[in-house]
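Content type mmCIF, C-alpha atoms, pLDDT in the B column; chains and numbers go by the auth columns, from the file model.cif:
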data_model
loop_
_atom_site.group_PDB
_atom_site.id
_atom_site.type_symbol
_atom_site.label_atom_id
_atom_site.label_comp_id
_atom_site.label_asym_id
_atom_site.label_seq_id
_atom_site.Cartn_x
_atom_site.Cartn_y
_atom_site.Cartn_z
_atom_site.B_iso_or_equiv
_atom_site.auth_seq_id
_atom_site.auth_asym_id
ATOM 1 C CA GLN A 1 -0.422 4.419 -21.926 67.00 1 A
ATOM 2 C CA SER A 2 -1.086 1.795 -19.261 72.00 2 A
ATOM 3 C CA ALA A 3 -1.981 -1.762 -20.219 88.00 3 A
ATOM 4 C CA LEU A 4 -5.002 -1.747 -17.877 96.00 4 A
ATOM 5 C CA THR A 5 -7.536 1.061 -18.106 96.00 5 A
ATOM 6 C CA GLN A 6 -8.862 2.809 -15.003 97.00 6 A
ATOM 7 C CA PRO A 7 -10.940 5.982 -14.701 97.00 7 A
ATOM 8 C CA ALA A 8 -8.769 8.943 -13.778 96.00 8 A
ATOM 9 C CA SER A 9 -11.026 9.902 -10.906 97.00 9 A
ATOM 10 C CA VAL A 10 -14.017 8.725 -8.897 98.00 10 A
ATOM 11 C CA SER A 11 -15.767 10.659 -6.172 97.00 11 A
ATOM 12 C CA GLY A 12 -18.387 10.064 -3.528 97.00 12 A
ATOM 13 C CA SER A 13 -19.801 11.458 -0.307 97.00 13 A
ATOM 14 C CA PRO A 14 -18.955 10.031 3.109 97.00 14 A
ATOM 15 C CA GLY A 15 -20.856 6.825 3.728 97.00 15 A
ATOM 16 C CA GLN A 16 -21.512 6.158 0.058 98.00 16 A
ATOM 17 C CA THR A 17 -20.307 3.227 -2.000 98.00 17 A
ATOM 18 C CA ILE A 18 -18.060 3.758 -4.998 98.00 18 A
ATOM 19 C CA THR A 19 -16.622 1.387 -7.577 98.00 19 A
ATOM 20 C CA ILE A 20 -13.384 1.671 -9.534 98.00 20 A
ATOM 21 C CA SER A 21 -13.118 -0.312 -12.751 98.00 21 A
ATOM 22 C CA CYS A 22 -10.003 -1.829 -14.287 98.00 22 A
ATOM 23 C CA THR A 23 -10.327 -3.040 -17.873 97.00 23 A
ATOM 24 C CA GLY A 24 -7.821 -5.357 -19.487 97.00 24 A
ATOM 25 C CA SER A 25 -7.973 -8.132 -22.064 96.00 25 A
ATOM 26 C CA SER A 26 -8.360 -11.867 -22.493 95.00 26 A
ATOM 27 C CA SER A 27 -4.591 -12.149 -21.968 95.00 27 A
ATOM 28 C CA ASP A 28 -4.589 -10.760 -18.461 95.00 28 A
ATOM 29 C CA ILE A 29 -7.697 -10.048 -16.390 96.00 29 A
ATOM 30 C CA GLY A 30 -9.835 -12.277 -18.577 95.00 30 A
ATOM 31 C CA TYR A 31 -7.438 -15.216 -18.322 95.00 31 A
ATOM 32 C CA TYR A 32 -6.245 -15.318 -14.729 92.00 32 A
ATOM 33 C CA LYS A 33 -7.664 -14.790 -11.255 95.00 33 A
ATOM 34 C CA TYR A 34 -4.444 -12.908 -10.447 96.00 34 A
ATOM 35 C CA VAL A 35 -5.895 -9.411 -10.189 97.00 35 A
ATOM 36 C CA SER A 36 -4.717 -7.267 -7.289 98.00 36 A
ATOM 37 C CA TRP A 37 -5.515 -3.774 -6.038 98.00 37 A
ATOM 38 C CA TYR A 38 -3.312 -1.293 -4.220 98.00 38 A
ATOM 39 C CA GLN A 39 -3.844 1.906 -2.272 97.00 39 A
ATOM 40 C CA GLN A 40 -1.202 4.593 -2.653 95.00 40 A
ATOM 41 C CA HIS A 41 -0.988 7.582 -0.334 94.00 41 A
ATOM 42 C CA PRO A 42 1.420 10.305 -1.553 90.00 42 A
ATOM 43 C CA GLY A 43 4.963 9.628 -0.420 88.00 43 A
ATOM 44 C CA LYS A 44 4.019 6.290 1.128 91.00 44 A
ATOM 45 C CA ALA A 45 4.588 2.705 0.108 91.00 45 A
ATOM 46 C CA PRO A 46 1.702 1.227 -1.888 94.00 46 A
ATOM 47 C CA LYS A 47 -0.492 -1.036 0.230 97.00 47 A
ATOM 48 C CA LEU A 48 -2.021 -4.298 -0.966 97.00 48 A
ATOM 49 C CA LEU A 49 -5.813 -4.168 -0.600 98.00 49 A
ATOM 50 C CA ILE A 50 -7.056 -7.113 -2.670 98.00 50 A
ATOM 51 C CA TYR A 51 -5.374 -10.141 -4.245 97.00 51 A
ATOM 52 C CA GLU A 52 -6.704 -12.934 -6.463 97.00 52 A
ATOM 53 C CA VAL A 53 -9.639 -10.738 -7.535 97.00 53 A
ATOM 54 C CA SER A 54 -11.495 -10.687 -4.218 97.00 54 A
ATOM 55 C CA ASN A 55 -9.286 -11.768 -1.316 97.00 55 A
ATOM 56 C CA ARG A 56 -8.358 -9.313 1.423 98.00 56 A
ATOM 57 C CA PRO A 57 -5.051 -9.583 3.303 96.00 57 A
ATOM 58 C CA SER A 58 -5.252 -9.686 7.058 95.00 58 A
ATOM 59 C CA GLY A 59 -5.777 -6.199 8.464 95.00 59 A
ATOM 60 C CA VAL A 60 -7.501 -4.691 5.425 97.00 60 A
ATOM 61 C CA SER A 61 -10.932 -3.291 6.144 97.00 61 A
ATOM 62 C CA ASN A 62 -13.913 -5.298 4.877 97.00 62 A
ATOM 63 C CA ARG A 63 -15.181 -2.034 3.360 98.00 63 A
ATOM 64 C CA PHE A 64 -12.894 -2.919 0.446 98.00 64 A
ATOM 65 C CA SER A 65 -14.054 -5.666 -1.892 98.00 65 A
ATOM 66 C CA GLY A 66 -13.130 -6.897 -5.353 98.00 66 A
ATOM 67 C CA SER A 67 -14.784 -8.678 -8.233 97.00 67 A
ATOM 68 C CA LYS A 68 -14.262 -9.536 -11.879 98.00 68 A
ATOM 69 C CA SER A 69 -16.418 -9.963 -14.964 95.00 69 A
ATOM 70 C CA VAL A 70 -14.819 -11.133 -18.211 94.00 70 A
ATOM 71 C CA ASN A 71 -11.998 -8.641 -18.855 96.00 71 A
ATOM 72 C CA THR A 72 -12.925 -6.053 -16.231 98.00 72 A
ATOM 73 C CA ALA A 73 -12.082 -6.089 -12.537 98.00 73 A
ATOM 74 C CA SER A 74 -13.659 -3.792 -9.974 98.00 74 A
ATOM 75 C CA LEU A 75 -12.753 -2.442 -6.566 98.00 75 A
ATOM 76 C CA THR A 76 -15.683 -1.383 -4.400 98.00 76 A
ATOM 77 C CA ILE A 77 -15.285 0.867 -1.380 98.00 77 A
ATOM 78 C CA SER A 78 -18.327 0.903 0.852 98.00 78 A
ATOM 79 C CA GLY A 79 -19.010 3.329 3.694 97.00 79 A
ATOM 80 C CA LEU A 80 -16.621 5.835 2.112 98.00 80 A
ATOM 81 C CA GLN A 81 -14.460 7.653 4.665 97.00 81 A
ATOM 82 C CA ALA A 82 -12.228 10.727 4.469 97.00 82 A
ATOM 83 C CA GLU A 83 -9.166 8.525 4.924 96.00 83 A
ATOM 84 C CA ASP A 84 -10.042 6.697 1.683 97.00 84 A
ATOM 85 C CA GLU A 85 -9.214 9.817 -0.337 98.00 85 A
ATOM 86 C CA THR A 86 -6.075 8.854 -2.237 97.00 86 A
ATOM 87 C CA ASP A 87 -4.897 6.929 -5.322 97.00 87 A
ATOM 88 C CA TYR A 88 -5.733 3.324 -6.218 98.00 88 A
ATOM 89 C CA PHE A 89 -4.296 1.096 -8.925 97.00 89 A
ATOM 90 C CA CYS A 90 -4.911 -2.382 -10.227 98.00 90 A
ATOM 91 C CA SER A 91 -2.562 -5.065 -11.497 97.00 91 A
ATOM 92 C CA SER A 92 -2.817 -8.386 -13.311 97.00 92 A
ATOM 93 C CA TYR A 93 -0.512 -11.202 -14.258 96.00 93 A
ATOM 94 C CA THR A 94 -0.508 -11.933 -17.994 95.00 94 A
ATOM 95 C CA THR A 95 -0.178 -14.883 -20.338 94.00 95 A
ATOM 96 C CA SER A 96 3.195 -13.452 -21.371 92.00 96 A
ATOM 97 C CA GLY A 97 4.543 -14.065 -17.887 91.00 97 A
ATOM 98 C CA THR A 98 4.601 -10.374 -17.028 93.00 98 A
ATOM 99 C CA TRP A 99 2.628 -8.051 -14.770 96.00 99 A
ATOM 100 C CA VAL A 100 0.659 -5.078 -16.044 96.00 100 A
ATOM 101 C CA PHE A 101 -0.805 -2.162 -14.132 96.00 101 A
ATOM 102 C CA GLY A 102 -3.586 0.354 -14.451 96.00 102 A
ATOM 103 C CA GLY A 103 -2.929 4.064 -14.716 94.00 103 A
ATOM 104 C CA GLY A 104 -4.400 4.720 -11.281 95.00 104 A
ATOM 105 C CA THR A 105 -7.617 6.302 -10.026 97.00 105 A
ATOM 106 C CA LYS A 106 -7.818 9.244 -7.671 97.00 106 A
ATOM 107 C CA VAL A 107 -10.666 8.891 -5.189 98.00 107 A
ATOM 108 C CA THR A 108 -12.126 12.113 -3.826 98.00 108 A
ATOM 109 C CA VAL A 109 -14.385 12.207 -0.790 97.00 109 A
ATOM 110 C CA LEU A 110 -16.777 15.102 -1.268 94.00 110 A
ATOM 111 C CA GLN B 1 6.956 -6.535 10.083 91.00 1 B
ATOM 112 C CA VAL B 2 8.332 -6.817 6.573 96.00 2 B
ATOM 113 C CA GLN B 3 10.059 -3.629 5.440 96.00 3 B
ATOM 114 C CA LEU B 4 11.793 -2.798 2.195 97.00 4 B
ATOM 115 C CA GLN B 5 13.983 0.246 1.554 97.00 5 B
ATOM 116 C CA GLU B 6 15.346 1.376 -1.778 98.00 6 B
ATOM 117 C CA SER B 7 18.670 3.200 -1.977 97.00 7 B
ATOM 118 C CA GLY B 8 20.852 4.616 -4.707 96.00 8 B
ATOM 119 C CA PRO B 9 21.717 7.780 -6.639 96.00 9 B
ATOM 120 C CA GLY B 10 18.853 10.106 -7.401 95.00 10 B
ATOM 121 C CA LEU B 11 20.506 11.508 -10.518 98.00 11 B
ATOM 122 C CA VAL B 12 21.994 9.503 -13.382 98.00 12 B
ATOM 123 C CA LYS B 13 23.459 10.860 -16.615 98.00 13 B
ATOM 124 C CA PRO B 14 22.109 9.724 -19.979 97.00 14 B
ATOM 125 C CA SER B 15 23.810 6.585 -21.378 96.00 15 B
ATOM 126 C CA GLU B 16 25.082 5.630 -17.916 97.00 16 B
ATOM 127 C CA THR B 17 23.895 2.830 -15.609 98.00 17 B
ATOM 128 C CA LEU B 18 21.208 3.217 -12.975 98.00 18 B
ATOM 129 C CA SER B 19 22.019 1.160 -9.870 98.00 19 B
ATOM 130 C CA LEU B 20 19.636 0.632 -6.963 98.00 20 B
ATOM 131 C CA THR B 21 19.607 -1.629 -3.935 98.00 21 B
ATOM 132 C CA CYS B 22 16.653 -2.857 -1.911 98.00 22 B
ATOM 133 C CA GLY B 23 17.331 -3.750 1.700 98.00 23 B
ATOM 134 C CA VAL B 24 14.865 -6.153 3.308 98.00 24 B
ATOM 135 C CA SER B 25 14.235 -6.227 7.048 97.00 25 B
ATOM 136 C CA GLY B 26 11.859 -8.265 9.164 96.00 26 B
ATOM 137 C CA TYR B 27 11.925 -11.213 6.759 97.00 27 B
ATOM 138 C CA SER B 28 14.557 -13.450 5.245 96.00 28 B
ATOM 139 C CA ILE B 29 15.130 -13.076 1.540 97.00 29 B
ATOM 140 C CA ARG B 30 15.840 -16.845 1.540 96.00 30 B
ATOM 141 C CA SER B 31 12.197 -17.826 1.362 93.00 31 B
ATOM 142 C CA GLU B 32 9.484 -18.943 -1.030 93.00 32 B
ATOM 143 C CA PHE B 33 8.891 -15.346 -2.112 96.00 33 B
ATOM 144 C CA TYR B 34 10.297 -13.533 -5.089 97.00 34 B
ATOM 145 C CA TRP B 35 11.567 -9.956 -4.874 98.00 35 B
ATOM 146 C CA GLY B 36 10.707 -7.430 -7.523 97.00 36 B
ATOM 147 C CA TRP B 37 11.244 -4.016 -9.030 98.00 37 B
ATOM 148 C CA ILE B 38 8.464 -1.765 -10.329 97.00 38 B
ATOM 149 C CA ARG B 39 8.700 1.814 -11.529 97.00 39 B
ATOM 150 C CA GLN B 40 6.184 4.636 -11.694 95.00 40 B
ATOM 151 C CA PHE B 41 6.558 7.306 -14.334 94.00 41 B
ATOM 152 C CA PRO B 42 5.856 10.995 -13.697 91.00 42 B
ATOM 153 C CA GLY B 43 2.461 10.626 -15.364 82.00 43 B
ATOM 154 C CA LYS B 44 1.605 7.945 -12.734 84.00 44 B
ATOM 155 C CA GLY B 45 1.735 4.890 -15.025 90.00 45 B
ATOM 156 C CA LEU B 46 3.450 1.834 -13.512 94.00 46 B
ATOM 157 C CA GLU B 47 5.736 -0.685 -15.203 96.00 47 B
ATOM 158 C CA TRP B 48 6.933 -4.037 -13.891 96.00 48 B
ATOM 159 C CA ILE B 49 10.698 -4.379 -14.347 97.00 49 B
ATOM 160 C CA GLY B 50 11.494 -7.856 -13.058 96.00 50 B
ATOM 161 C CA ASN B 51 11.665 -10.347 -10.187 96.00 51 B
ATOM 162 C CA ILE B 52 14.312 -12.526 -8.572 96.00 52 B
ATOM 163 C CA ASN B 53 14.347 -15.220 -5.902 95.00 53 B
ATOM 164 C CA TYR B 54 17.060 -16.098 -3.400 96.00 54 B
ATOM 165 C CA SER B 55 18.632 -18.649 -5.706 95.00 55 B
ATOM 166 C CA GLY B 56 18.971 -16.107 -8.507 95.00 56 B
ATOM 167 C CA THR B 57 16.114 -17.171 -10.770 95.00 57 B
ATOM 168 C CA THR B 58 14.981 -14.044 -12.582 94.00 58 B
ATOM 169 C CA TYR B 59 12.089 -12.900 -14.726 93.00 59 B
ATOM 170 C CA HIS B 60 12.266 -9.646 -16.671 93.00 60 B
ATOM 171 C CA ASN B 61 9.930 -7.429 -18.599 94.00 61 B
ATOM 172 C CA PRO B 62 10.754 -8.223 -22.259 93.00 62 B
ATOM 173 C CA SER B 63 10.607 -4.518 -23.089 92.00 63 B
ATOM 174 C CA LEU B 64 13.605 -3.920 -20.799 91.00 64 B
ATOM 175 C CA LYS B 65 15.290 -7.302 -20.741 70.00 65 B
ATOM 176 C CA SER B 66 18.450 -6.416 -22.643 88.00 66 B
ATOM 177 C CA ARG B 67 19.184 -3.466 -20.327 96.00 67 B
ATOM 178 C CA VAL B 68 18.211 -4.959 -16.967 97.00 68 B
ATOM 179 C CA THR B 69 20.239 -6.956 -14.475 96.00 69 B
ATOM 180 C CA ILE B 70 18.688 -8.054 -11.186 97.00 70 B
ATOM 181 C CA SER B 71 20.863 -9.723 -8.568 97.00 71 B
ATOM 182 C CA VAL B 72 20.490 -10.955 -5.001 97.00 72 B
ATOM 183 C CA ASP B 73 22.830 -10.931 -1.993 97.00 73 B
ATOM 184 C CA THR B 74 21.449 -13.285 0.612 96.00 74 B
ATOM 185 C CA SER B 75 24.267 -12.512 3.072 96.00 75 B
ATOM 186 C CA LYS B 76 23.086 -8.885 3.214 97.00 76 B
ATOM 187 C CA ASN B 77 19.386 -9.735 2.797 97.00 77 B
ATOM 188 C CA GLN B 78 19.121 -7.415 -0.164 98.00 78 B
ATOM 189 C CA PHE B 79 18.668 -7.423 -3.904 98.00 79 B
ATOM 190 C CA ALA B 80 19.694 -4.989 -6.603 98.00 80 B
ATOM 191 C CA LEU B 81 18.723 -3.495 -9.942 98.00 81 B
ATOM 192 C CA LYS B 82 20.994 -2.285 -12.707 98.00 82 B
ATOM 193 C CA LEU B 83 19.553 -0.592 -15.785 98.00 83 B
ATOM 194 C CA ASN B 84 22.093 0.401 -18.397 97.00 84 B
ATOM 195 C CA SER B 85 22.069 2.911 -21.243 96.00 85 B
ATOM 196 C CA VAL B 86 19.482 5.067 -19.509 97.00 86 B
ATOM 197 C CA THR B 87 17.628 7.922 -21.182 97.00 87 B
ATOM 198 C CA ALA B 88 15.231 10.581 -19.939 97.00 88 B
ATOM 199 C CA ALA B 89 12.437 8.040 -20.461 95.00 89 B
ATOM 200 C CA ASP B 90 13.836 6.049 -17.521 97.00 90 B
ATOM 201 C CA THR B 91 13.125 8.913 -15.130 97.00 91 B
ATOM 202 C CA ALA B 92 10.717 7.427 -12.593 97.00 92 B
ATOM 203 C CA LEU B 93 9.986 6.524 -8.998 97.00 93 B
ATOM 204 C CA TYR B 94 11.522 3.072 -8.498 98.00 94 B
ATOM 205 C CA TYR B 95 9.911 0.665 -6.037 98.00 95 B
ATOM 206 C CA CYS B 96 11.045 -2.666 -4.709 98.00 96 B
ATOM 207 C CA ALA B 97 8.501 -5.173 -3.459 98.00 97 B
ATOM 208 C CA ARG B 98 8.017 -8.665 -2.110 97.00 98 B
ATOM 209 C CA VAL B 99 6.311 -10.897 -4.654 96.00 99 B
ATOM 210 C CA ARG B 100 4.022 -13.830 -4.012 94.00 100 B
ATOM 211 C CA PHE B 101 4.763 -16.016 -7.027 89.00 101 B
ATOM 212 C CA SER B 102 3.972 -19.469 -5.765 82.00 102 B
ATOM 213 C CA GLY B 103 0.342 -20.403 -6.209 82.00 103 B
ATOM 214 C CA SER B 104 -0.543 -16.745 -6.741 88.00 104 B
ATOM 215 C CA CYS B 105 0.815 -13.519 -8.204 92.00 105 B
ATOM 216 C CA TYR B 106 0.824 -10.242 -6.303 96.00 106 B
ATOM 217 C CA PHE B 107 3.069 -7.727 -4.561 97.00 107 B
ATOM 218 C CA ASP B 108 2.321 -7.778 -0.839 96.00 108 B
ATOM 219 C CA TYR B 109 4.921 -5.405 0.629 97.00 109 B
ATOM 220 C CA TRP B 110 6.456 -2.385 -1.065 97.00 110 B
ATOM 221 C CA GLY B 111 9.196 0.085 -0.290 96.00 111 B
ATOM 222 C CA GLN B 112 8.463 3.806 -0.274 95.00 112 B
ATOM 223 C CA GLY B 113 10.210 4.254 -3.588 96.00 113 B
ATOM 224 C CA THR B 114 13.208 6.260 -4.693 97.00 114 B
ATOM 225 C CA LEU B 115 13.084 8.915 -7.399 97.00 115 B
ATOM 226 C CA VAL B 116 15.672 8.565 -10.130 98.00 116 B
ATOM 227 C CA THR B 117 16.106 11.392 -12.599 98.00 117 B
ATOM 228 C CA VAL B 118 18.071 10.909 -15.806 98.00 118 B
ATOM 229 C CA SER B 119 19.628 14.183 -16.812 97.00 119 B
ATOM 230 C CA SER B 120 22.972 15.614 -17.785 95.00 120 B
#
Would you mind writing the file out in structure tokens?
Amino acid sequence: QSALTQPASVSGSPGQTITISCTGSSSDIGYYKYVSWYQQHPGKAPKLLIYEVSNRPSGVSNRFSGSKSVNTASLTISGLQAEDETDYFCSSYTTSGTWVFGGGTKVTVL
Amino acid sequence: QVQLQESGPGLVKPSETLSLTCGVSGYSIRSEFYWGWIRQFPGKGLEWIGNINYSGTTYHNPSLKSRVTISVDTSKNQFALKLNSVTAADTALYYCARVRFSGSCYFDYWGQGTLVTVSS
């Protein structure tokens, strides 16, 4: 069982906006701004999408955005495209000096 | 372009030691970054194993600490993972990654991962 809880799957039609949640605790997401999101295509290296809750690395589409409220972080994908169909997972630094991850969410474009 | 590549045996026998190496290209390991290991279990869950910097300062997941050794070889621009006394529960896809651990905490570049199966 993963330390951070994500929905197993989220789906949407092309052009729609979807949101993936990532729920932790007051010892991780609720304590730090160090929440990050990753995109994982099968057989490929995970790609950093969001760091420090809402910052995008250079080169990442502005269709991806992040936010946080109390112990839950969210990744929003706007203008959903076929290429967005893959797995996404979240991560947070913790007060124990470790990193924890979510179980991953599969995004399906209908 | 920062690239990381894991290498090592894909099959390890129970009770033996899992040994992996991560080669880094396009960036010097002698930098402000840390370098880390993460694994992904067959059910997709991920677990942080530990990080190291070029001077050998390490941080480990307490759940694995007694079995894990992470080392760095700056002359080869690579770092390594050893996990001893493995069991079937250690079967996973092992990733190496570059870690921002100064002023922030995230993994910005990852390798493609290498599957390690523990079986006799």
Which polymer residues have any atom within 7 Å of an atom of B:Ser25, counting all atoms listed in the file, with same-chain residues fewer than 2 positions away left out, as an NGL selection string? :B and (2-4 or 23 or 27)
Output the residue selection produced by the PyMOL selection byres ((chain B and resi 62) around 12) on the file above, formatted as a count of residues only. 17
Quick one: contact table of chain A to chain B, 8 Å max, nearest atom pair and distance in Å to one decimal per residue, counting only C-alpha atoms, chain and number order, as a tab-separated table?
residue	atom	partner	partner_atom	distance
A:Gln1	CA	B:Gly45	CA	7.2
A:Ser2	CA	B:Gly45	CA	6.0
A:Tyr34	CA	B:Cys105	CA	5.7
A:Val35	CA	B:Tyr106	CA	7.8
A:Ser36	CA	B:Tyr106	CA	6.4
A:Gly43	CA	B:Gln112	CA	6.8
A:Lys44	CA	B:Gln112	CA	5.3
A:Ala45	CA	B:Gln112	CA	4.0
A:Pro46	CA	B:Trp110	CA	6.0
A:Lys47	CA	B:Tyr109	CA	7.0
A:Leu48	CA	B:Asp108	CA	5.6
A:Tyr51	CA	B:Tyr106	CA	6.5
A:Glu52	CA	B:Ser104	CA	7.2
A:Tyr93	CA	B:Cys105	CA	6.6
A:Thr98	CA	B:Asn61	CA	6.3
A:Trp99	CA	B:Trp48	CA	6.0
A:Val100	CA	B:Trp48	CA	6.7
A:Phe101	CA	B:Leu46	CA	5.9
A:Gly102	CA	B:Gly45	CA	7.0
A:Gly103	CA	B:Gly45	CA	4.7
A:Gly104	CA	B:Lys44	CA	7.0
Residue contacts of B:Ala89 (10 Å, only C-alpha atoms) excluding same-chain residues fewer than 3 positions away, as JSON, numbers by chain: {"B": [14, 41, 42, 86, 92, 117, 118]}
If we draw a sphere of 12 Å around (18.7, -13.4, -11.1), which residues have at least one atom in it when counting all atoms listed in the file? Please report them as a PyMOL selection string. chain B and resi 34-36+50-60+65+68-73+79-82
What is the atom CA of A:Cys22-atom CA of A:Lys68 distance in Å, reported with one decimal? 9.1 Å
Rounded to one decimal in Å, what is the spacing between atom CA of B:Leu18 and atom CA of A:Ala3?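 It comes out at 24.8 Å.
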If the PyMOL selection byres ((chain A and resi 56-63) around 6) is run on the structure shown, which residues does it catch, given as a ChimeraX atom specification? /A:50,55,64,77-78
Just checking: using only C-alpha atoms, which residue out of A:Ala8, A:Ala82, A:Val109, A:Leu49 ends up closest to A:Ser21? A:Ala8
As a check of understanding, name the residues that the PyMOL selection byres ((chain B and resi 87) around 10) selects in the supplied structure, as a list in words.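 With the PyMOL selection byres ((chain B and resi 87) around 10) on this model, the match is Val12, Lys13, Pro14, Ser15, Glu16, Thr17, Asn84, Ser85, Val86, Ala88, Ala89, Asp90, Thr91, Thr117, Val118, Ser119 and Ser120 of chain B.
Take atom CA of A:Ser27 and atom CA of B:Glu32: the distance between them is 26.1 Å.
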Using only C-alpha atoms, which of the listed residues (B:Val99, B:Ile29, B:Leu11, B:Cys22) sits closest to B:Val116?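 Of all the options, B:Leu11 lies closest to B:Val116.
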Proximity to B:Ser75 - best of B:Ser28, B:Leu93, B:Leu115, B:Arg100, all atoms listed in the file: B:Ser28
Go through A:Thr19, A:Thr86, A:Ser92, A:Thr108 and flag the residue nearest A:Pro42, using all atoms listed in the file for the distances.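 Among A:Thr19, A:Thr86, A:Ser92, A:Thr108, it is A:Thr86 that comes nearest to A:Pro42.
For A:Val10, the residues within 7 Å (counting all atoms listed in the file, excluding itself and residues fewer than 3 positions away along the chain) are Thr105, Lys106, Val107 and Thr108 of chain A.
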